[in-house]
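**Student:** Hey, dropping query02.cif in here, mmCIF, C-alpha atoms and all ligand atoms:
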data_my_file
loop_
_atom_site.label_atom_id
_atom_site.label_comp_id
_atom_site.auth_asym_id
_atom_site.auth_seq_id
_atom_site.Cartn_x
_atom_site.Cartn_y
_atom_site.Cartn_z
CA MET A 1 20.37 -21.29 3.32
CA LEU A 2 23.16 -23.73 2.46
CA ASP A 3 26.75 -22.45 2.53
CA TYR A 4 29.17 -23.51 -0.22
CA PRO A 5 30.82 -26.50 1.54
CA CYS A 6 27.35 -27.82 2.42
CA LEU A 7 26.14 -27.33 -1.16
CA CYS A 8 29.21 -29.17 -2.33
CA LYS A 9 28.69 -32.10 0.01
CA LYS A 10 24.95 -32.42 -0.55
CA LEU A 11 24.65 -31.53 -4.23
CA PHE A 12 27.79 -31.18 -6.36
CA PHE A 13 29.68 -34.14 -5.00
CA PRO A 14 26.79 -36.63 -5.32
CA ALA A 15 26.18 -35.25 -8.86
CA LEU A 16 29.82 -35.91 -9.75
CA ASP A 17 29.38 -39.44 -8.41
CA ILE A 18 26.48 -39.99 -10.78
CA ALA A 19 28.43 -38.60 -13.74
CA ASN A 20 31.48 -40.76 -12.93
CA ARG A 21 29.43 -43.84 -11.95
CA THR A 22 31.20 -43.90 -8.57
CA ASN A 23 29.85 -43.66 -5.02
CA VAL A 24 32.54 -41.74 -3.17
CA SER A 25 30.01 -39.76 -1.08
CA LYS A 26 28.69 -42.94 0.51
CA LYS A 27 32.15 -44.36 1.09
CA LEU A 28 33.33 -41.14 2.70
CA ALA A 29 30.32 -41.06 5.03
CA PHE A 30 31.10 -44.68 6.03
CA LEU A 31 34.83 -43.99 6.50
CA GLU A 32 34.13 -40.96 8.68
CA LYS A 33 32.31 -43.26 11.09
CA SER A 34 34.63 -46.27 10.89
CA GLN A 35 37.69 -44.15 11.74
CA TRP A 36 36.42 -44.15 15.34
CA TRP A 37 35.85 -47.92 15.58
CA SER A 38 37.63 -49.92 18.26
CA GLU A 39 40.56 -52.21 17.45
CA GLU A 40 38.24 -55.22 17.76
CA GLN A 41 35.66 -53.76 15.37
CA LEU A 42 38.35 -52.97 12.81
CA THR A 43 39.84 -56.48 13.05
CA ASP A 44 36.43 -58.16 12.71
CA TYR A 45 35.58 -56.02 9.72
CA GLN A 46 38.96 -56.65 8.08
CA ASN A 47 38.71 -60.42 8.60
CA ARG A 48 35.23 -60.39 7.01
CA GLU A 49 36.52 -58.49 3.97
CA ILE A 50 39.53 -60.83 3.68
CA ARG A 51 37.21 -63.89 3.65
CA SER A 52 35.05 -62.22 1.04
CA ILE A 53 37.84 -61.33 -1.41
CA ILE A 54 39.54 -64.71 -0.91
CA GLY A 55 36.28 -66.53 -1.75
CA HIS A 56 35.82 -64.33 -4.81
CA ALA A 57 39.43 -64.86 -5.95
CA TYR A 58 39.08 -68.64 -5.65
CA ASN A 59 35.78 -68.77 -7.50
CA ASN A 60 36.44 -66.21 -10.26
CA VAL A 61 40.15 -65.57 -10.75
CA PRO A 62 42.05 -68.33 -12.63
CA TYR A 63 45.44 -67.37 -11.17
CA TYR A 64 44.24 -67.81 -7.59
CA ARG A 65 42.28 -70.99 -8.39
CA ARG A 66 45.62 -72.43 -9.57
CA ILE A 67 47.53 -71.15 -6.51
CA PHE A 68 44.98 -72.69 -4.13
CA LYS A 69 45.12 -75.99 -6.00
CA GLU A 70 48.92 -76.10 -6.02
CA ARG A 71 48.99 -75.58 -2.26
CA SER A 72 46.06 -77.88 -1.57
CA ILE A 73 44.16 -75.21 0.33
CA MET A 74 40.56 -74.06 0.17
CA PRO A 75 39.08 -70.59 0.80
CA GLN A 76 37.68 -71.82 4.14
CA ASP A 77 41.30 -72.37 5.30
CA ILE A 78 41.69 -68.60 5.31
CA LYS A 79 39.42 -67.23 8.02
CA THR A 80 41.51 -64.48 9.58
CA LYS A 81 44.29 -62.10 8.61
CA GLU A 82 46.84 -64.48 10.16
CA ASP A 83 45.76 -67.28 7.77
CA ILE A 84 46.49 -65.17 4.71
CA GLU A 85 50.17 -66.04 5.02
CA LYS A 86 49.30 -69.46 3.59
CA LEU A 87 49.23 -67.72 0.23
CA PRO A 88 52.43 -66.74 -1.62
CA ILE A 89 53.63 -63.20 -2.20
CA LEU A 90 52.55 -61.67 -5.49
CA THR A 91 55.30 -59.65 -7.17
CA LYS A 92 55.01 -57.10 -9.97
CA LYS A 93 56.65 -59.68 -12.23
CA ASP A 94 53.94 -62.21 -11.30
CA VAL A 95 51.30 -59.62 -12.24
CA LYS A 96 52.91 -59.08 -15.65
CA ARG A 97 53.34 -62.79 -16.34
CA ASN A 98 49.83 -63.72 -15.24
CA PHE A 99 48.01 -60.56 -16.28
CA ASN A 100 45.01 -62.16 -18.01
CA ASP A 101 44.65 -64.89 -15.38
CA LEU A 102 44.44 -62.27 -12.63
CA ILE A 103 41.32 -60.68 -14.11
CA ALA A 104 38.06 -61.85 -12.52
CA LYS A 105 35.88 -63.68 -15.03
CA ASN A 106 32.63 -62.31 -13.60
CA HIS A 107 33.64 -58.64 -13.91
CA SER A 108 33.06 -56.38 -16.88
CA MET A 109 32.98 -52.82 -15.50
CA MET A 110 36.64 -52.02 -15.06
CA THR A 111 39.24 -49.48 -16.13
CA LEU A 112 42.83 -50.15 -17.12
CA HIS A 113 45.26 -48.17 -14.95
CA LYS A 114 48.83 -47.94 -16.16
CA THR A 115 51.79 -47.05 -14.00
CA SER A 116 55.42 -46.45 -14.91
CA GLY A 117 56.38 -47.84 -11.47
CA SER A 118 59.21 -46.52 -9.34
CA THR A 119 61.62 -49.00 -10.89
CA GLY A 120 60.68 -47.82 -14.34
CA GLU A 121 58.96 -51.06 -15.30
CA PRO A 122 55.52 -50.26 -16.65
CA THR A 123 52.75 -52.28 -15.07
CA ALA A 124 49.01 -52.23 -15.68
CA PHE A 125 46.07 -53.13 -13.46
CA TYR A 126 42.34 -53.40 -13.96
CA VAL A 127 40.38 -51.49 -11.34
CA ASP A 128 36.61 -51.46 -10.78
CA LYS A 129 34.43 -48.50 -9.76
CA GLU A 130 34.01 -49.76 -6.20
CA ALA A 131 37.78 -49.81 -5.66
CA GLU A 132 38.08 -46.35 -7.20
CA SER A 133 35.35 -45.04 -4.89
CA TRP A 134 36.94 -46.52 -1.76
CA LYS A 135 40.33 -45.11 -2.75
CA LEU A 136 38.95 -41.61 -3.28
CA GLY A 137 36.95 -41.87 -0.06
CA CYS A 138 40.14 -42.65 1.87
CA THR A 139 41.98 -39.85 0.07
CA LEU A 140 39.32 -37.31 1.05
CA ARG A 141 39.29 -38.59 4.63
CA SER A 142 43.05 -38.04 4.86
CA TRP A 143 42.70 -34.52 3.41
CA LYS A 144 40.10 -33.88 6.08
CA TRP A 145 42.61 -35.04 8.72
CA ALA A 146 44.92 -32.38 7.30
CA GLY A 147 42.25 -29.68 7.72
CA TYR A 148 40.62 -29.57 4.26
CA ASN A 149 36.84 -29.86 3.92
CA LEU A 150 34.89 -30.54 0.73
CA GLY A 151 34.08 -27.22 -0.94
CA ASP A 152 37.01 -25.34 0.62
CA ARG A 153 38.95 -23.24 -1.87
CA HIS A 154 42.23 -25.06 -2.46
CA ALA A 155 45.09 -25.51 -4.90
CA GLN A 156 46.35 -28.81 -6.25
CA LEU A 157 49.73 -29.41 -7.85
CA GLY A 158 48.88 -32.32 -10.09
CA VAL A 159 50.70 -34.14 -12.83
CA TRP A 160 48.70 -33.91 -16.04
CA SER A 161 46.69 -31.01 -17.49
CA ARG A 162 42.95 -31.20 -16.81
CA ARG A 163 40.28 -31.44 -19.46
CA GLY A 164 36.57 -32.17 -19.75
CA ARG A 165 34.84 -33.66 -16.74
CA LYS A 166 37.83 -33.14 -14.45
CA LYS A 167 37.85 -29.43 -15.27
CA VAL A 168 34.17 -29.18 -14.34
CA LYS A 169 34.96 -31.01 -11.10
CA ASP A 170 37.71 -28.47 -10.30
CA ILE A 171 35.29 -25.57 -10.82
CA LEU A 172 32.59 -27.14 -8.64
CA LEU A 173 35.01 -28.11 -5.87
CA ARG A 174 36.77 -24.72 -6.07
CA CYS A 175 40.16 -26.17 -6.96
CA ILE A 176 42.96 -24.14 -8.57
CA TYR A 177 44.65 -26.91 -10.52
CA LEU A 178 48.32 -26.42 -11.39
CA PRO A 179 49.83 -29.08 -13.68
CA ALA A 180 53.35 -29.89 -12.55
CA ARG A 181 54.60 -32.77 -14.64
CA LYS A 182 57.47 -30.66 -15.88
CA LEU A 183 58.25 -27.50 -13.93
CA ASN A 184 60.57 -24.69 -14.93
CA GLU A 185 61.44 -21.43 -13.17
CA LYS A 186 58.90 -19.40 -15.13
CA MET A 187 56.07 -21.81 -14.25
CA ILE A 188 57.12 -21.93 -10.60
CA TYR A 189 57.14 -18.12 -10.45
CA ASN A 190 53.65 -17.93 -11.97
CA TYR A 191 52.33 -20.63 -9.63
CA LEU A 192 53.72 -18.80 -6.61
CA LEU A 193 52.10 -15.57 -7.81
CA THR A 194 48.78 -17.39 -8.27
CA LEU A 195 48.98 -18.88 -4.77
CA GLU A 196 49.89 -15.52 -3.25
CA LYS A 197 47.07 -13.64 -5.00
CA SER A 198 44.38 -16.29 -4.48
CA LYS A 199 45.14 -16.57 -0.75
CA VAL A 200 44.02 -20.23 -0.74
CA LYS A 201 44.74 -21.91 2.58
CA SER A 202 45.07 -25.52 1.36
CA LEU A 203 47.75 -26.85 -0.97
CA ILE A 204 47.83 -30.47 -2.06
CA GLY A 205 50.57 -31.91 -4.25
CA VAL A 206 53.38 -34.36 -4.86
CA ALA A 207 56.34 -33.99 -2.44
CA SER A 208 58.95 -33.18 -5.07
CA SER A 209 56.80 -30.37 -6.59
CA LEU A 210 55.86 -28.96 -3.16
CA TYR A 211 59.56 -28.94 -2.30
CA LEU A 212 60.49 -27.07 -5.48
CA LEU A 213 57.80 -24.49 -4.81
CA ALA A 214 59.01 -24.01 -1.23
CA LYS A 215 62.62 -23.71 -2.37
CA TYR A 216 61.84 -20.98 -4.90
CA ALA A 217 59.40 -19.22 -2.57
CA SER A 218 62.32 -18.87 -0.16
CA LYS A 219 64.75 -17.77 -2.90
CA TRP A 220 62.39 -15.14 -4.30
CA ASN A 221 61.08 -14.00 -0.89
CA PHE A 222 57.45 -14.91 -1.37
CA ARG A 223 55.40 -14.81 1.82
CA ILE A 224 52.80 -17.55 1.45
CA ASN A 225 51.32 -19.63 4.23
CA PHE A 226 48.77 -22.40 4.38
CA ASN A 227 46.59 -24.12 6.98
CA THR A 228 46.61 -27.42 5.11
CA LEU A 229 49.44 -29.11 3.24
CA VAL A 230 49.17 -32.67 1.90
CA ASN A 231 51.72 -34.83 0.11
CA LEU A 232 49.90 -36.89 -2.49
CA GLY A 233 52.77 -39.00 -3.77
CA ASP A 234 56.56 -39.54 -3.82
CA THR A 235 58.34 -40.47 -0.62
CA LEU A 236 58.48 -37.31 1.49
CA LEU A 237 62.13 -36.92 2.46
CA LEU A 238 63.09 -35.39 5.78
CA HIS A 239 64.87 -32.36 4.35
CA GLN A 240 61.91 -31.73 2.01
CA ARG A 241 59.48 -31.84 4.92
CA LYS A 242 61.60 -29.38 6.92
CA LEU A 243 61.84 -26.81 4.15
CA ILE A 244 58.19 -27.07 3.03
CA GLU A 245 56.91 -26.70 6.61
CA LYS A 246 59.22 -23.78 7.37
CA GLU A 247 58.52 -21.90 4.15
CA PHE A 248 54.74 -22.30 4.19
CA ASP A 249 54.41 -22.12 7.99
CA CYS A 250 52.29 -25.26 8.17
CA LYS A 251 52.72 -28.94 9.07
CA ILE A 252 52.54 -31.26 6.07
CA ASN A 253 50.37 -34.38 6.22
CA ASP A 254 51.95 -37.25 4.35
CA THR A 255 49.92 -39.94 2.60
CA TYR A 256 50.99 -43.27 1.13
CA GLY A 257 49.20 -45.17 -1.59
CA LEU A 258 49.59 -47.10 -4.82
CA GLY A 259 48.21 -45.10 -7.74
CA GLY A 260 48.03 -47.68 -10.52
CA GLU A 261 46.85 -50.42 -8.17
CA SER A 262 44.33 -47.96 -6.75
CA ILE A 263 44.97 -48.69 -3.06
CA GLU A 264 45.23 -45.78 -0.63
CA ILE A 265 47.29 -47.43 2.11
CA ALA A 266 47.95 -44.98 4.94
CA ALA A 267 48.00 -41.34 5.97
CA GLN A 268 49.05 -39.09 8.81
CA CYS A 269 46.23 -37.63 10.87
CA GLU A 270 45.93 -34.13 12.32
CA ARG A 271 48.39 -35.03 15.10
CA ASN A 272 51.09 -35.73 12.52
CA GLU A 273 52.64 -38.50 14.66
CA LEU A 274 52.09 -41.79 12.82
CA TYR A 275 50.68 -43.11 9.54
CA HIS A 276 47.27 -44.71 10.08
CA ILE A 277 46.63 -47.74 7.89
CA ASN A 278 43.30 -47.57 6.03
CA GLN A 279 42.23 -50.93 7.43
CA GLU A 280 38.80 -50.73 5.79
CA ILE A 281 40.37 -51.12 2.34
CA ALA A 282 43.77 -52.71 2.86
CA PHE A 283 45.43 -55.36 4.95
CA LEU A 284 49.19 -55.18 5.40
CA ASN A 285 51.85 -57.79 6.17
CA PHE A 286 55.38 -56.72 7.02
CA LEU A 287 58.54 -58.66 6.17
CA LYS A 288 61.72 -57.81 8.06
CA VAL A 289 64.49 -56.72 5.72
CA ARG A 290 67.44 -57.41 8.07
CA LYS A 291 67.25 -58.87 11.55
CA SER A 292 69.28 -56.05 13.06
CA GLN A 293 67.31 -53.31 11.35
CA ASN A 294 63.86 -51.89 11.94
CA LEU A 295 63.11 -51.82 8.26
CA SER A 296 60.20 -53.90 6.91
CA LYS A 297 58.89 -54.55 3.42
CA ILE A 298 55.24 -53.62 2.89
CA ILE A 299 53.05 -56.42 1.54
CA VAL A 300 49.45 -55.37 0.87
CA THR A 301 46.19 -57.17 0.28
CA GLY A 302 43.68 -54.89 -1.41
CA LEU A 303 40.22 -55.59 0.01
CA ARG A 304 38.17 -53.69 -2.58
CA ASN A 305 39.23 -54.36 -6.14
CA TYR A 306 37.22 -57.38 -7.25
CA ALA A 307 38.15 -56.81 -10.92
CA MET A 308 41.75 -57.83 -10.30
CA PRO A 309 42.40 -58.89 -6.70
CA LEU A 310 45.92 -58.31 -5.39
CA ILE A 311 46.51 -60.64 -2.46
CA ARG A 312 49.82 -60.39 -0.56
CA TYR A 313 51.15 -57.99 -3.17
CA ASP A 314 54.75 -56.82 -2.79
CA THR A 315 54.63 -53.02 -2.96
CA GLY A 316 58.43 -52.81 -3.24
CA ASP A 317 58.33 -50.14 -0.52
CA THR A 318 59.75 -50.27 2.97
CA CYS A 319 58.72 -48.75 6.28
CA ILE A 320 59.61 -48.56 9.95
CA LEU A 321 57.00 -49.93 12.32
CA LYS A 322 56.19 -48.69 15.79
CA LYS A 323 53.89 -50.34 18.26
CA ALA A 324 52.20 -47.21 19.50
CA LYS A 325 48.82 -45.59 19.47
CA CYS A 326 48.31 -42.10 18.17
CA SER A 327 47.11 -39.45 20.60
CA CYS A 328 44.16 -38.70 18.27
CA GLY A 329 42.33 -41.72 19.72
CA ARG A 330 41.87 -43.67 16.47
CA SER A 331 42.57 -47.39 16.83
CA PHE A 332 44.08 -48.07 13.41
CA ASP A 333 47.33 -50.05 13.13
CA SER A 334 50.11 -47.58 12.46
CA ILE A 335 53.42 -47.13 10.68
CA PHE A 336 56.14 -44.88 12.04
CA SER A 337 57.69 -43.87 8.71
CA ILE A 338 57.51 -44.76 5.03
CA ASN A 339 60.93 -45.21 3.50
CA GLY A 340 60.26 -45.85 -0.15
CA ARG A 341 61.73 -48.50 -2.33
CA LEU A 342 64.22 -50.98 -0.93
CA ILE A 343 66.25 -50.74 -4.11
CA ASP A 344 67.00 -47.13 -3.26
CA ASN A 345 68.89 -47.94 -0.06
CA VAL A 346 72.63 -48.63 0.14
CA ILE A 347 73.52 -51.86 1.94
CA THR A 348 77.11 -52.25 3.15
CA PRO A 349 79.04 -55.58 3.50
CA ASN A 350 78.36 -55.71 7.26
CA GLY A 351 74.62 -55.32 6.64
CA THR A 352 74.23 -51.65 7.60
CA ILE A 353 71.49 -50.01 5.57
CA ILE A 354 71.92 -46.37 4.67
CA LEU A 355 68.36 -45.27 4.00
CA ASN A 356 67.75 -43.38 0.78
CA TYR A 357 66.78 -40.14 2.51
CA PHE A 358 70.19 -39.86 4.18
CA PHE A 359 71.80 -38.68 0.92
CA PRO A 360 69.54 -35.75 -0.03
CA GLY A 361 69.76 -34.56 3.58
CA LEU A 362 73.55 -34.68 3.39
CA PHE A 363 73.82 -32.93 0.01
CA GLU A 364 71.45 -30.24 1.21
CA LEU A 365 74.32 -29.12 3.46
CA VAL A 366 76.69 -28.69 0.51
CA ASP A 367 75.70 -25.70 -1.61
CA SER A 368 78.50 -26.24 -4.13
CA ILE A 369 76.79 -29.30 -5.60
CA ASP A 370 73.69 -28.84 -7.76
CA SER A 371 72.77 -32.47 -8.27
CA PHE A 372 73.99 -35.95 -7.40
CA GLN A 373 73.29 -39.64 -7.81
CA VAL A 374 74.67 -42.47 -5.68
CA ILE A 375 75.40 -45.75 -7.45
CA GLN A 376 76.27 -49.00 -5.71
CA GLU A 377 77.28 -51.84 -8.01
CA VAL A 378 79.29 -53.95 -5.56
CA PRO A 379 78.74 -54.22 -1.78
CA LYS A 380 81.93 -52.54 -0.60
CA GLU A 381 81.84 -49.32 -2.62
CA ILE A 382 79.67 -46.55 -3.96
CA TYR A 383 80.41 -43.92 -6.53
CA ILE A 384 78.66 -40.61 -6.59
CA LYS A 385 77.97 -38.68 -9.75
CA ILE A 386 78.15 -34.96 -9.05
CA ILE A 387 77.19 -31.81 -10.90
CA LYS A 388 79.23 -29.08 -9.23
CA ASN A 389 78.78 -25.31 -9.44
CA ASP A 390 81.14 -22.29 -9.17
CA LYS A 391 81.33 -22.50 -5.38
CA PHE A 392 82.88 -25.98 -5.48
CA ARG A 393 85.92 -26.75 -3.30
CA TYR A 394 87.61 -30.15 -2.93
CA GLN A 395 87.15 -29.97 0.87
CA ASP A 396 83.42 -30.49 0.21
CA LEU A 397 84.19 -34.01 -0.98
CA ASP A 398 86.06 -34.75 2.27
CA PHE A 399 83.03 -33.62 4.24
CA ILE A 400 80.76 -35.93 2.20
CA LYS A 401 83.16 -38.87 2.56
CA LYS A 402 83.46 -38.40 6.33
CA SER A 403 79.69 -38.13 6.80
CA ILE A 404 79.08 -41.35 4.85
CA SER A 405 81.85 -43.19 6.70
CA LYS A 406 80.30 -42.16 10.01
CA GLU A 407 76.89 -43.42 8.87
CA CYS A 408 78.23 -46.89 7.94
CA ASN A 409 81.16 -47.31 10.37
CA ASN A 410 83.79 -47.04 7.63
CA ASP A 411 82.34 -49.98 5.77
CA LEU A 412 82.26 -48.37 2.31
CA ARG A 413 84.74 -46.92 -0.14
CA VAL A 414 83.42 -43.72 -1.69
CA PHE A 415 84.39 -42.46 -5.17
CA PHE A 416 83.26 -39.36 -7.02
CA GLU A 417 82.68 -38.65 -10.67
CA PHE A 418 82.06 -35.15 -12.03
CA VAL A 419 79.43 -35.10 -14.73
CA ASP A 420 77.43 -32.52 -16.70
CA GLN A 421 74.17 -34.42 -16.66
CA ILE A 422 72.46 -37.03 -14.52
CA HIS A 423 69.92 -39.25 -16.12
CA LYS A 424 66.84 -39.79 -13.96
CA PRO A 425 64.08 -41.76 -15.63
CA GLU A 426 60.65 -40.16 -16.03
CA ASN A 427 58.55 -40.21 -12.83
CA GLN A 428 61.59 -41.12 -10.75
CA LYS A 429 62.60 -37.71 -9.50
CA ASN A 430 63.55 -39.17 -6.14
CA ARG A 431 65.88 -41.79 -7.57
CA TYR A 432 68.90 -40.40 -5.74
CA VAL A 433 70.29 -43.86 -5.12
CA ILE A 434 70.61 -46.82 -7.45
CA SER A 435 71.83 -49.93 -5.69
CA LYS A 436 72.34 -53.33 -7.28
CA CYS A 437 73.11 -54.82 -3.88
CA SER A 438 69.80 -54.40 -2.06
ZN ZN A 501 46.18 -40.13 14.78
#
Please re-express this file's structure in structure tokens.

**Tutor:**
Amino acid sequence: MLDYPCLCKKLFFPALDIANRTNVSKKLAFLEKSQWWSEEQLTDYQNREIRSIIGHAYNNVPYYRRIFKERSIMPQDIKTKEDIEKLPILTKKDVKRNFNDLIAKNHSMMTLHKTSGSTGEPTAFYVDKEAESWKLGCTLRSWKWAGYNLGDRHAQLGVWSRRGRKKVKDILLRCIYLPARKLNEKMIYNYLLTLEKSKVKSLIGVASSLYLLAKYASKWNFRINFNTLVNLGDTLLLHQRKLIEKEFDCKINDTYGLGGESIEIAAQCERNELYHINQEIAFLNFLKVRKSQNLSKIIVTGLRNYAMPLIRYDTGDTCILKKAKCSCGRSFDSIFSINGRLIDNVITPNGTIILNYFFPGLFELVDSIDSFQVIQEVPKEIYIKIIKNDKFRYQDLDFIKKSISKECNNDLRVFFEFVDQIHKPENQKNRYVISKCS
């Protein structure tokens, strides 16, 4: 007799594929094999997919036909991943300006995905079913790396409420879905109670919501632990990781992807050492931000979305690279850490970059400040908006000033402003830093 996970894999999941006109089951089966390919196999496969999408873009996408013509190059000039640099970088602005010309003329089955974007500029992308299937396949593979198996009872902290087909999917896949677009204390309390009572061992959610849950679980003395924790979105900041892992007694597996563009880029495996790039669906270029720094901009070529190909697309995110292989034995190219949007880092006049996650880590040490926002309008100074509480003492500001000075070798003047409210645009909960100098 089949057990539930087996029933899920063999029956429910393929049935959901039929209902959604996707083929995630097949993609997942493929990805479970390809994760053990050698470096050479992965490179060959990636080069083949690059040639294929480049040929398609030239033949069917007016924007790329024009780009090739302007540069006097032909698809056959791009044979390997090294050759792809002959093409220019595609920015979000380019996508907006050339939206209709980026849609493939021979494609009709596509869905419009809208994203508010981390900079608050709404962007839209057309995505086909193949790209959606590959993305979900990679997502499920990364959940598996974190210890979750299809059919396992689990909880998901999502964004929007579920209706219709998605609700049926949750029932079949045994998912307790908790919408977390806007959380308040009462909701958090109820969610913690639900998690405690249900005894689910896997929790999947966006970093900022997981962090809030962990924070209140600690405050209200909940004793909840998991075997699997996955961050689905938002840059996972160091202090968030520490608290979530401590409170829920479980390592968190971070993932990195572009939701609207429908490209799942990388994820941490069970060893939790590095981020493995999903080379079967994405090819990455890295651009150094500053010569003296390790920071690189992430440029991605999506290998699966033929409805609207994104070639050398500027994600706006940065990372730190490390030439190392993971002890898990997979041969994927790897990233050491994902650092979020470049715009969120402070850059001083001498070129020192204070990475965005430095600030929340610092303010975590000061319990007299409820909320803050760092603003850099000119290179030599920052001002910090602060919402203080009853415990506030002026010595706390000296501590903050000294810590920042140490981080940037006294290269910044620091000012403070006490405020009652800090405006953070929708979907930008991690916008701790706004810099006009980066
Ligand atoms: Zn690994």

**Student:** Please identify every polymer residue within 7 Å of ligand ZN 501 (chain A), using only C-alpha atoms and all ligand atoms, and present the set as a list in words.

**Tutor:**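 Selection of residues at most 7 Å from ligand ZN 501 (chain A): Gln268, Cys269, Glu270, Arg271, Asn272, Glu273, Leu274, His276, Cys326, Ser327, Cys328, Gly329 and Arg330 of chain A.
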
**Student:** Neighbouring residues of region 60-66 of chain A were defined as those with any atom within 10 Å, considering only C-alpha atoms; residues of the same chain fewer than 3 positions away were excluded. Please report them as a ChimeraX atom specification.

**Tutor:** /A:54-57,69-75,87,94-95,98-107,306-311

**Student:** Give as a list of chain:residue names each residue that has an atom at most 7 Å from (81.1, -43.3, -2.0) in the file, counting only C-alpha atoms.

**Tutor:**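 The residues that fall inside the cut-off are A:Glu381, A:Ile382, A:Tyr383, A:Ile384, A:Lys401, A:Leu412, A:Arg413, A:Val414, A:Phe415, A:Phe416.
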
**Student:** One decimal, Å: what's the distance from CA of Ser208 (chain A) over to CA of Tyr177 (chain A), could you say?

**Tutor:**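 Distance reported for this atom pair: 16.5 Å.
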
**Student:** Could you list, as a count of residues only, every residue within 9 Å of Asn225 (chain A), counting only C-alpha atoms and ignoring same-chain residues fewer than 3 positions away?

**Tutor:** 8

**Student:** With distances taken over only C-alpha atoms, which of A:Leu172, A:Cys319, A:Ala324, A:Leu157 is nearest to Phe286 (chain A)?

**Tutor:**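 Counting only C-alpha atoms, the residue closest to Phe286 (chain A) is A:Cys319.
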
**Student:** For region 133-148 of chain A, please output as a PyMOL selection string all residues within 8 Å (counting all atoms listed in the file; exclusion window: fewer than 6 positions along the same chain).

**Tutor:** chain A and resi 22-25+27-28+31-32+202+227-230+252-253+255+262-264+267-270+278+281+304

**Student:** Using only C-alpha atoms, find all polymer residues with an atom at most 10 Å away from the point (47.5, -47.0, -10.2); report them as a VMD selection string.

**Tutor:** chain A and resid 112 to 117 123 to 127 132 257 to 264

**Student:** Suppose you want the space between CA of Leu303 (chain A) and CA of Glu280 (chain A); what is it in Å?

**Tutor:**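 Value for the CA of Leu303 (chain A)-CA of Glu280 (chain A) distance: 7.7 Å.
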